[in-house]
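Text of model.txt, listed as compact mmCIF, C-alpha atoms:
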```txt
# COMPACT_ATOMS: atom_id res chain seq x y z
CA MET A 800 10.47 25.37 -8.71
CA SER A 801 11.71 27.96 -6.21
CA THR A 802 13.78 26.82 -3.24
CA LYS A 803 10.89 27.78 -0.96
CA GLY A 804 8.49 25.69 -3.05
CA ASN A 805 10.90 22.76 -2.90
CA MET A 806 11.19 23.10 0.85
CA THR A 807 7.42 22.98 1.25
CA ARG A 808 7.18 19.98 -1.05
CA ASN A 809 9.90 18.14 0.89
CA LYS A 810 8.29 19.04 4.20
CA LEU A 811 4.94 17.64 3.07
CA MET A 812 6.67 14.48 1.86
CA ASP A 813 8.61 14.03 5.11
CA ILE A 814 5.45 14.36 7.19
CA ALA A 815 3.50 12.03 4.90
CA GLU A 816 6.24 9.40 4.88
CA ARG A 817 6.55 9.30 8.66
CA ARG A 818 2.78 9.09 9.08
CA ILE A 819 2.39 6.34 6.45
CA LEU A 820 5.09 4.22 8.09
CA GLN A 821 3.39 4.53 11.49
CA LYS A 822 -0.30 4.54 10.60
CA GLY A 823 -0.48 3.15 7.10
CA PHE A 824 -1.45 4.87 3.85
CA SER A 825 -5.24 4.83 4.35
CA ALA A 826 -5.11 6.38 7.80
CA THR A 827 -2.87 9.18 6.54
CA SER A 828 -5.18 12.00 5.45
CA ILE A 829 -4.27 15.11 3.48
CA GLU A 830 -6.01 17.01 6.27
CA ASP A 831 -3.58 15.67 8.91
CA ILE A 832 -0.55 16.31 6.71
CA ILE A 833 -1.40 19.95 6.01
CA THR A 834 -2.33 20.58 9.66
CA GLU A 835 1.06 19.28 10.80
CA ALA A 836 2.84 21.18 8.02
CA GLY A 837 0.92 24.37 8.81
CA ILE A 838 -0.01 25.02 5.19
CA SER A 839 -3.30 25.36 3.34
CA LYS A 840 -5.08 22.74 1.28
CA GLY A 841 -4.35 24.90 -1.76
CA GLY A 842 -0.66 24.72 -0.87
CA PHE A 843 -0.87 20.93 -0.84
CA PHE A 844 -2.64 20.77 -4.19
CA TYR A 845 -0.10 23.12 -5.72
CA HIS A 846 2.47 20.35 -5.16
CA PHE A 847 0.41 17.16 -5.51
CA GLU A 848 -2.69 16.23 -7.47
CA GLY A 849 -3.89 14.09 -4.56
CA LYS A 850 -2.92 11.20 -2.33
CA ASP A 851 -2.01 8.87 -5.22
CA ASP A 852 0.31 11.48 -6.69
CA LEU A 853 1.87 11.99 -3.25
CA ALA A 854 2.35 8.21 -2.83
CA TYR A 855 4.04 8.03 -6.24
CA ALA A 856 6.36 10.95 -5.41
CA LEU A 857 7.23 9.34 -2.06
CA MET A 858 8.17 6.03 -3.66
CA GLN A 859 10.14 7.81 -6.39
CA ARG A 860 12.15 9.71 -3.78
CA TYR A 861 12.57 6.55 -1.68
CA ARG A 862 13.85 4.68 -4.71
CA GLU A 863 16.37 7.41 -5.52
CA GLN A 864 17.56 7.62 -1.89
CA ASP A 865 18.05 3.85 -1.72
CA ALA A 866 19.95 3.78 -5.00
CA PHE A 867 22.15 6.63 -3.75
CA LEU A 868 22.73 4.92 -0.39
CA PHE A 869 23.49 1.46 -1.77
CA SER A 870 25.71 2.68 -4.65
CA GLY A 871 27.59 4.91 -2.22
CA LEU A 872 28.34 1.97 0.07
CA PHE A 873 29.40 -0.22 -2.87
CA ARG A 874 31.67 2.56 -4.13
CA ARG A 875 33.22 2.92 -0.68
CA ALA A 876 33.83 -0.85 -0.53
CA GLU A 877 35.49 -0.72 -3.96
CA GLU A 878 37.73 2.15 -2.88
CA LEU A 879 38.91 0.22 0.15
CA LEU A 880 39.25 -3.33 -1.19
CA ASP A 881 40.05 -5.08 -4.48
CA ASP A 882 38.54 -8.51 -3.99
CA PRO A 883 34.85 -8.73 -5.01
CA LEU A 884 33.96 -11.10 -2.14
CA GLN A 885 35.63 -8.88 0.45
CA GLN A 886 33.89 -5.86 -1.12
CA MET A 887 30.50 -7.59 -0.74
CA LEU A 888 31.24 -8.53 2.87
CA LEU A 889 32.35 -4.97 3.61
CA PHE A 890 29.24 -3.57 1.93
CA ILE A 891 27.02 -5.64 4.24
CA LYS A 892 29.09 -4.59 7.26
CA LEU A 893 28.81 -0.90 6.32
CA LEU A 894 25.07 -1.28 5.81
CA ALA A 895 24.73 -3.02 9.19
CA GLU A 896 26.79 -0.26 10.85
CA MET A 897 24.50 2.36 9.35
CA MET A 898 21.46 0.54 10.77
CA ASP A 899 23.29 0.23 14.09
CA GLN A 900 23.59 4.01 14.28
CA LEU A 901 19.82 4.52 14.18
CA GLU A 902 18.82 5.83 17.59
CA ASP A 903 15.42 4.24 17.48
CA LEU A 904 13.76 1.33 15.68
CA HIS A 905 14.04 1.46 11.89
CA PRO A 906 11.12 3.70 10.83
CA GLY A 907 9.92 1.13 8.28
CA CYS A 908 10.06 0.75 4.51
CA LEU A 909 7.54 2.28 2.10
CA VAL A 910 7.70 -0.86 -0.05
CA ALA A 911 6.16 -2.87 2.79
CA SER A 912 3.61 -0.15 3.60
CA PHE A 913 2.31 0.01 0.05
CA THR A 914 2.47 -3.78 -0.38
CA TYR A 915 0.39 -4.37 2.75
CA GLU A 916 -2.19 -1.86 1.52
CA SER A 917 -2.00 -2.93 -2.11
CA HIS A 918 -5.76 -2.49 -2.64
CA GLU A 919 -5.47 1.12 -1.50
CA VAL A 920 -2.77 2.29 -3.91
CA ASN A 921 -3.16 2.71 -7.66
CA ASP A 922 -1.39 0.79 -10.42
CA GLN A 923 1.32 3.41 -10.96
CA VAL A 924 2.28 3.27 -7.28
CA LYS A 925 2.28 -0.54 -7.36
CA ALA A 926 4.50 -0.46 -10.46
CA ILE A 927 7.09 1.91 -9.01
CA THR A 928 7.11 -0.10 -5.77
CA ALA A 929 7.95 -3.22 -7.77
CA ASP A 930 10.59 -1.24 -9.71
CA SER A 931 12.29 -0.29 -6.45
CA VAL A 932 12.60 -3.93 -5.45
CA MET A 933 13.94 -4.78 -8.91
CA ASP A 934 16.54 -2.01 -8.53
CA TRP A 935 17.80 -3.65 -5.33
CA ARG A 936 17.97 -7.00 -7.12
CA GLN A 937 20.04 -5.41 -9.89
CA LEU A 938 22.41 -3.56 -7.58
CA PHE A 939 23.01 -6.51 -5.25
CA SER A 940 23.31 -9.10 -8.01
CA ASP A 941 25.80 -6.95 -9.98
CA GLN A 942 28.24 -7.31 -7.09
CA LEU A 943 27.30 -10.93 -6.35
CA ASN A 944 27.92 -11.85 -10.00
CA LYS A 945 31.50 -10.61 -9.67
CA VAL A 946 31.91 -12.77 -6.56
CA HIS A 947 30.32 -15.73 -8.31
CA GLN A 948 32.75 -15.47 -11.24
CA HIS A 949 35.78 -15.57 -8.93
CA TYR A 950 34.73 -18.09 -6.33
CA PRO A 951 32.99 -21.43 -6.75
CA PRO A 952 30.01 -21.51 -4.34
CA LYS A 953 29.82 -24.42 -1.90
CA LEU A 954 26.20 -25.10 -2.86
CA ASP A 955 24.20 -24.69 -6.03
CA VAL A 956 22.88 -21.11 -5.77
CA ASN A 957 22.06 -18.34 -8.18
CA THR A 958 22.89 -14.70 -7.63
CA THR A 959 19.33 -13.46 -8.23
CA ASP A 960 18.05 -15.44 -5.24
CA LEU A 961 21.03 -14.33 -3.17
CA ALA A 962 20.38 -10.71 -4.12
CA ASP A 963 16.69 -11.09 -3.23
CA LEU A 964 17.70 -12.63 0.09
CA LEU A 965 19.34 -9.37 1.09
CA SER A 966 16.12 -7.46 0.28
CA THR A 967 14.18 -10.16 2.14
CA VAL A 968 16.41 -9.86 5.22
CA ILE A 969 16.07 -6.08 5.24
CA GLU A 970 12.27 -6.14 4.81
CA GLY A 971 11.75 -9.02 7.24
CA GLY A 972 14.27 -7.67 9.75
CA ILE A 973 12.36 -4.39 9.84
CA VAL A 974 9.02 -6.16 10.46
CA VAL A 975 10.39 -8.47 13.17
CA SER A 976 12.42 -5.75 14.94
CA ARG A 977 9.43 -3.39 14.99
CA ALA A 978 7.01 -6.15 16.07
CA ILE A 979 9.03 -7.04 19.17
CA GLY A 980 10.60 -3.60 19.70
CA ASP A 981 14.21 -4.85 19.40
CA LYS A 982 16.13 -2.14 17.59
CA LYS A 983 19.34 -4.17 17.15
CA LEU A 984 17.62 -7.15 15.53
CA LEU A 985 17.92 -5.80 11.98
CA VAL A 986 21.68 -5.34 12.42
CA ARG A 987 22.08 -8.91 13.73
CA GLN A 988 20.02 -10.28 10.85
CA LEU A 989 22.19 -8.46 8.30
CA LEU A 990 25.23 -10.10 9.89
CA GLU A 991 23.55 -13.51 9.52
CA TYR A 992 23.19 -12.77 5.81
CA ARG A 993 26.88 -11.86 5.77
CA ASN A 994 27.71 -15.21 7.43
CA TYR A 995 25.82 -17.02 4.71
CA ILE A 996 27.75 -15.25 1.95
CA ARG A 997 31.02 -16.07 3.75
CA LEU A 998 30.16 -19.75 4.10
CA LEU A 999 29.06 -19.95 0.49
CA TYR A 1000 32.10 -18.33 -1.11
CA GLU A 1001 35.03 -18.26 1.30
CA ALA A 1002 37.66 -20.93 0.70
CA MET B 261 -21.32 -20.64 21.91
CA SER B 262 -23.56 -22.48 19.47
CA THR B 263 -22.06 -23.95 16.30
CA LYS B 264 -24.00 -21.40 14.29
CA GLY B 265 -22.62 -18.58 16.46
CA ASN B 266 -19.13 -19.94 15.97
CA MET B 267 -19.63 -20.13 12.24
CA THR B 268 -20.72 -16.51 12.08
CA ARG B 269 -17.79 -15.46 14.25
CA ASN B 270 -15.34 -17.36 12.04
CA LYS B 271 -16.91 -15.97 8.89
CA LEU B 272 -16.54 -12.40 10.18
CA MET B 273 -12.92 -13.12 11.10
CA ASP B 274 -12.12 -14.66 7.70
CA ILE B 275 -13.53 -11.66 5.87
CA ALA B 276 -11.77 -9.21 8.18
CA GLU B 277 -8.43 -11.00 7.87
CA ARG B 278 -8.51 -11.06 4.08
CA ARG B 279 -9.48 -7.40 3.90
CA ILE B 280 -6.82 -6.32 6.42
CA LEU B 281 -4.09 -8.13 4.48
CA GLN B 282 -5.15 -6.45 1.23
CA LYS B 283 -6.21 -2.98 2.35
CA GLY B 284 -4.70 -2.58 5.82
CA PHE B 285 -6.40 -2.33 9.20
CA SER B 286 -7.55 1.30 8.95
CA ALA B 287 -9.23 0.88 5.60
CA THR B 288 -11.12 -2.19 6.82
CA SER B 289 -14.42 -0.93 8.22
CA ILE B 290 -16.96 -2.85 10.29
CA GLU B 291 -19.50 -1.64 7.71
CA ASP B 292 -17.67 -3.40 4.85
CA ILE B 293 -17.19 -6.59 6.86
CA ILE B 294 -20.87 -6.95 7.79
CA THR B 295 -21.99 -6.08 4.26
CA GLU B 296 -19.80 -8.84 2.83
CA ALA B 297 -20.88 -11.26 5.57
CA GLY B 298 -24.54 -10.38 5.07
CA ILE B 299 -25.19 -9.88 8.78
CA SER B 300 -26.40 -6.94 10.88
CA LYS B 301 -24.29 -4.54 12.92
CA GLY B 302 -25.90 -6.06 16.01
CA GLY B 303 -24.67 -9.46 14.85
CA PHE B 304 -21.15 -8.10 14.64
CA PHE B 305 -21.29 -6.53 18.09
CA TYR B 306 -22.65 -9.75 19.54
CA HIS B 307 -19.29 -11.31 18.68
CA PHE B 308 -16.86 -8.39 19.01
CA GLU B 309 -16.79 -5.24 21.13
CA GLY B 310 -15.34 -3.29 18.21
CA LYS B 311 -12.43 -3.21 15.79
CA ASP B 312 -9.74 -3.50 18.48
CA ASP B 313 -11.42 -6.57 19.91
CA LEU B 314 -11.66 -8.05 16.41
CA ALA B 315 -7.97 -7.32 15.76
CA TYR B 316 -7.04 -9.04 19.03
CA ALA B 317 -9.15 -12.10 18.19
CA LEU B 318 -7.59 -12.27 14.72
CA MET B 319 -4.06 -12.21 16.07
CA GLN B 320 -4.95 -14.76 18.75
CA ARG B 321 -6.31 -17.14 16.12
CA TYR B 322 -3.35 -16.44 13.82
CA ARG B 323 -0.96 -17.23 16.66
CA GLU B 324 -2.72 -20.51 17.43
CA GLN B 325 -2.83 -21.52 13.76
CA ASP B 326 0.90 -20.83 13.36
CA ALA B 327 1.78 -22.78 16.50
CA PHE B 328 -0.35 -25.67 15.24
CA LEU B 329 1.21 -25.54 11.77
CA PHE B 330 4.84 -25.26 12.92
CA SER B 331 4.55 -27.88 15.70
CA GLY B 332 2.83 -30.23 13.26
CA LEU B 333 5.69 -29.92 10.79
CA PHE B 334 8.29 -30.40 13.52
CA ARG B 335 6.44 -33.51 14.75
CA ARG B 336 6.34 -34.89 11.23
CA ALA B 337 10.08 -34.30 10.84
CA GLU B 338 10.70 -36.10 14.17
CA GLU B 339 8.58 -39.05 13.08
CA LEU B 340 10.55 -39.43 9.87
CA LEU B 341 14.12 -38.74 11.01
CA ASP B 342 16.26 -39.12 14.14
CA ASP B 343 19.03 -36.61 13.59
CA PRO B 344 18.19 -33.08 14.85
CA LEU B 345 19.95 -31.35 11.94
CA GLN B 346 18.19 -33.50 9.35
CA GLN B 347 14.89 -32.84 11.18
CA MET B 348 15.49 -29.08 10.94
CA LEU B 349 16.36 -29.31 7.25
CA LEU B 350 13.26 -31.42 6.62
CA PHE B 351 11.10 -28.97 8.58
CA ILE B 352 12.24 -26.11 6.33
CA LYS B 353 11.65 -28.25 3.24
CA LEU B 354 8.13 -29.17 4.36
CA LEU B 355 7.38 -25.52 5.11
CA ALA B 356 8.71 -24.49 1.68
CA GLU B 357 6.59 -27.22 0.04
CA MET B 358 3.51 -25.93 1.81
CA MET B 359 4.20 -22.41 0.50
CA ASP B 360 4.83 -23.88 -2.94
CA GLN B 361 1.31 -25.31 -2.95
CA LEU B 362 -0.30 -21.89 -2.59
CA GLU B 363 -2.08 -21.17 -5.84
CA ASP B 364 -1.60 -17.45 -5.57
CA LEU B 365 0.78 -15.08 -3.81
CA HIS B 366 1.01 -15.58 -0.04
CA PRO B 367 -1.93 -13.55 1.31
CA GLY B 368 0.29 -11.75 3.82
CA CYS B 369 0.97 -11.96 7.54
CA LEU B 370 -1.09 -10.16 10.19
CA VAL B 371 2.09 -9.45 12.17
CA ALA B 372 3.34 -7.24 9.34
CA SER B 373 -0.08 -5.61 8.84
CA PHE B 374 -0.38 -4.59 12.48
CA THR B 375 3.30 -3.60 12.71
CA TYR B 376 3.01 -1.29 9.71
CA GLU B 377 -0.08 0.33 11.25
CA SER B 378 1.25 0.30 14.79
CA HIS B 379 -0.27 3.69 15.59
CA GLU B 380 -3.70 2.38 14.62
CA VAL B 381 -3.83 -0.68 16.89
CA ASN B 382 -4.07 -0.61 20.68
CA ASP B 383 -1.52 -1.86 23.21
CA GLN B 384 -3.14 -5.27 23.69
CA VAL B 385 -2.97 -5.95 19.96
CA LYS B 386 0.65 -4.77 19.85
CA ALA B 387 1.46 -7.06 22.79
CA ILE B 388 -0.11 -10.18 21.29
CA THR B 389 1.59 -9.41 17.95
CA ALA B 390 4.96 -9.34 19.73
CA ASP B 391 4.02 -12.56 21.59
CA SER B 392 3.40 -14.32 18.26
CA VAL B 393 6.88 -13.44 17.06
CA MET B 394 8.33 -14.61 20.39
CA ASP B 395 6.47 -17.93 19.96
CA TRP B 396 8.18 -18.45 16.60
CA ARG B 397 11.55 -17.67 18.20
CA GLN B 398 10.86 -20.26 20.91
CA LEU B 399 9.67 -22.95 18.52
CA PHE B 400 12.48 -22.52 16.00
CA SER B 401 15.23 -22.15 18.62
CA ASP B 402 14.09 -25.27 20.50
CA GLN B 403 14.97 -27.33 17.44
CA LEU B 404 18.07 -25.28 16.59
CA ASN B 405 19.38 -25.78 20.14
CA LYS B 406 19.28 -29.55 19.62
CA VAL B 407 21.22 -29.11 16.39
CA HIS B 408 23.70 -26.77 18.08
CA GLN B 409 24.40 -29.32 20.85
CA HIS B 410 25.25 -32.04 18.35
CA TYR B 411 27.14 -30.14 15.68
CA PRO B 412 29.81 -27.48 16.06
CA PRO B 413 28.80 -24.51 13.87
CA LYS B 414 31.35 -23.30 11.31
CA LEU B 415 30.96 -19.70 12.47
CA ASP B 416 30.17 -18.08 15.80
CA VAL B 417 26.36 -17.90 15.80
CA ASN B 418 23.63 -18.10 18.41
CA THR B 419 20.39 -20.00 17.98
CA THR B 420 18.17 -17.03 18.88
CA ASP B 421 19.46 -15.04 15.91
CA LEU B 422 19.17 -18.12 13.68
CA ALA B 423 15.59 -18.66 14.85
CA ASP B 424 14.77 -14.99 14.20
CA LEU B 425 16.32 -15.31 10.75
CA LEU B 426 13.64 -17.82 9.80
CA SER B 427 10.90 -15.40 10.93
CA THR B 428 12.76 -12.63 9.07
CA VAL B 429 12.94 -14.68 5.87
CA ILE B 430 9.22 -15.53 6.06
CA GLU B 431 8.17 -11.92 6.75
CA GLY B 432 10.57 -10.42 4.22
CA GLY B 433 9.88 -13.10 1.63
CA ILE B 434 6.17 -12.28 1.82
CA VAL B 435 6.81 -8.54 1.35
CA VAL B 436 9.22 -8.99 -1.56
CA SER B 437 7.15 -11.67 -3.32
CA ARG B 438 3.99 -9.55 -3.05
CA ALA B 439 5.80 -6.36 -4.10
CA ILE B 440 7.06 -7.84 -7.39
CA GLY B 441 4.23 -10.37 -7.84
CA ASP B 442 6.53 -13.42 -7.86
CA LYS B 443 4.66 -16.17 -6.06
CA LYS B 444 7.58 -18.61 -5.93
CA LEU B 445 10.01 -16.15 -4.35
CA LEU B 446 9.07 -17.02 -0.77
CA VAL B 447 9.76 -20.71 -1.45
CA ARG B 448 13.16 -19.93 -2.95
CA GLN B 449 14.05 -17.70 -0.02
CA LEU B 450 13.15 -20.44 2.46
CA LEU B 451 15.52 -22.74 0.59
CA GLU B 452 18.28 -20.12 0.90
CA TYR B 453 17.72 -20.19 4.66
CA ARG B 454 17.99 -23.97 4.49
CA ASN B 455 21.30 -23.65 2.61
CA TYR B 456 22.65 -21.42 5.36
CA ILE B 457 21.74 -23.96 8.07
CA ARG B 458 23.37 -26.72 6.00
CA LEU B 459 26.59 -24.75 5.53
CA LEU B 460 26.72 -23.83 9.20
CA TYR B 461 26.20 -27.29 10.65
CA GLU B 462 26.86 -29.98 8.05
CA ALA B 463 30.23 -31.69 8.37
```
Could I get this structure in the form of structure tokens?
Amino acid sequence: MSTKGNMTRNKLMDIAERRILQKGFSATSIEDIITEAGISKGGFFYHFEGKDDLAYALMQRYREQDAFLFSGLFRRAEELLDDPLQQMLLFIKLLAEMMDQLEDLHPGCLVASFTYESHEVNDQVKAITADSVMDWRQLFSDQLNKVHQHYPPKLDVNTTDLADLLSTVIEGGIVVSRAIGDKKLLVRQLLEYRNYIRLLYEA
Amino acid sequence: MSTKGNMTRNKLMDIAERRILQKGFSATSIEDIITEAGISKGGFFYHFEGKDDLAYALMQRYREQDAFLFSGLFRRAEELLDDPLQQMLLFIKLLAEMMDQLEDLHPGCLVASFTYESHEVNDQVKAITADSVMDWRQLFSDQLNKVHQHYPPKLDVNTTDLADLLSTVIEGGIVVSRAIGDKKLLVRQLLEYRNYIRLLYEA
């Protein structure tokens, strides 16, 4: 695809993503997206077969962005520190710092949008949404497994549940911070997760 | 209102709530609700001024049900145990057990539905949604404050953030469990929260 075509596609996706996170998937119409983008309906259908195809592309991009973000932070932690526990603690701190730099409330997560409108999205979109969550589990538990091998935990835990807890804290922290309009809540919740990991594994 | 009137009102609310949690607020039409309920449009408008009024009534009921549920579990824990920390740990266990008894995935939380369609609900609905979350903070931190006064925490924490973490784990646990279709995930995540409280306060 030409650079211009790519730019249009990305622009449509950016507009759609913002609208979905604020209004939900159902209330986001192709009409509204193309009006805001200033392109024709034909232009939209050149890039996407319809709303389901758009939703799939959005989740695919979201998944790739998250993988890029999380692996980047893990790589940075590995560059700076040798100990797997300290790397994990630094990873959470770097993630919290990134959230702290957001000027406004976290815009929301597409996983939650599609999950809370599960009867409105098709099976492919549901499947890739689940895959995104499983990617997080894999990424987080890869690091937690290294920690687990080096340090005996103070309580009987497994690294899959601990990995899921980080996804849970991110998803829940976004809901709670948006619901009460407290933009620093997500950061504070990530640091509570970090406390838990410290208490579990630190000597 | 007559008992029959109340029954109709409750029936409309039950249908609306289930649909909102599955399809979102926008995609839930008055038309669909009255068709499923088998009543006339006039019947609907006898009970509610419109969709915003319905959304407000749903959140009001949800808030009352949650307060009733959480206070009931705290009272039960107080009946059974004297120590504030053990009461808190029992409360979380009883809550987790209740979630464990759900036959299917947790149906979802209206707070998350309305938050993820914040541009589709009016200011009154947004306000009562925030109030619900603040109620949880109050309820959970009341108990956590008693714990905090008796036991020195192992790390520097405040009970507001710890209270919010329970709301975060519930909200996030619902999103993650629904996203990957794992109905026991929410229970396991609640038990991770319980582990954290144990590690923080147990001698």
For range 354-371 of chain B, list every protein, DNA or RNA residue within 7 Å, evaluated using all atoms listed in the file, and leave out those in the same chain fewer than 3 positions away; present the list as a compact mmCIF listing (two decimals) with C-alpha atoms, in the coordinates of the input.
```
# COMPACT_ATOMS: atom_id res chain seq x y z
CA LEU B 281 -4.09 -8.13 4.48
CA MET B 319 -4.06 -12.21 16.07
CA LEU B 333 5.69 -29.92 10.79
CA LEU B 350 13.26 -31.42 6.62
CA PHE B 351 11.10 -28.97 8.58
CA PHE B 374 -0.38 -4.59 12.48
CA THR B 375 3.30 -3.60 12.71
CA THR B 389 1.59 -9.41 17.95
CA ILE B 434 6.17 -12.28 1.82
CA ARG B 438 3.99 -9.55 -3.05
CA LYS B 443 4.66 -16.17 -6.06
CA LYS B 444 7.58 -18.61 -5.93
CA VAL B 447 9.76 -20.71 -1.45
CA LEU B 450 13.15 -20.44 2.46
```
Please determine the contact residues of chain B with respect to chain A at a cut-off of 7 Å, counting all atoms listed in the file, and supply them as JSON, numbers by chain. {"B": [281, 282, 283, 284, 286, 287, 372, 373, 375, 376, 377, 378, 379, 380, 389, 390, 421, 425, 428, 429, 431, 432, 433, 435, 436, 438, 439, 440, 449, 456, 459]}
Closest of B:Leu314, B:Ala423, B:Leu399, B:Leu329 to Ser289 in chain B - atom-to-atom distances counting all atoms listed in the file: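 Once distances to Ser289 in chain B are computed over all atoms listed in the file, the minimum belongs to B:Leu314.
The spacing separating CA of Pro952 in chain A from CA of Gln886 in chain A amounts to 16.4 Å.
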Please provide the set of residues having any atom within 9 Å of Thr268 in chain B, restricted to only C-alpha atoms, with same-chain residues fewer than 5 positions apart removed, written as an MDAnalysis selection string. chainID B and resid 263 273 297 299 303:304 307
Select, from A:Trp935, A:Gln942, A:Met887, A:His949, the residue with the minimum atom-to-atom distance to Asp865 in chain A, counting all atoms listed in the file.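 The closest residue to Asp865 in chain A is A:Trp935.
You will find CA of Gly849 in chain A at 24.2 Å from CA of Asp292 in chain B.
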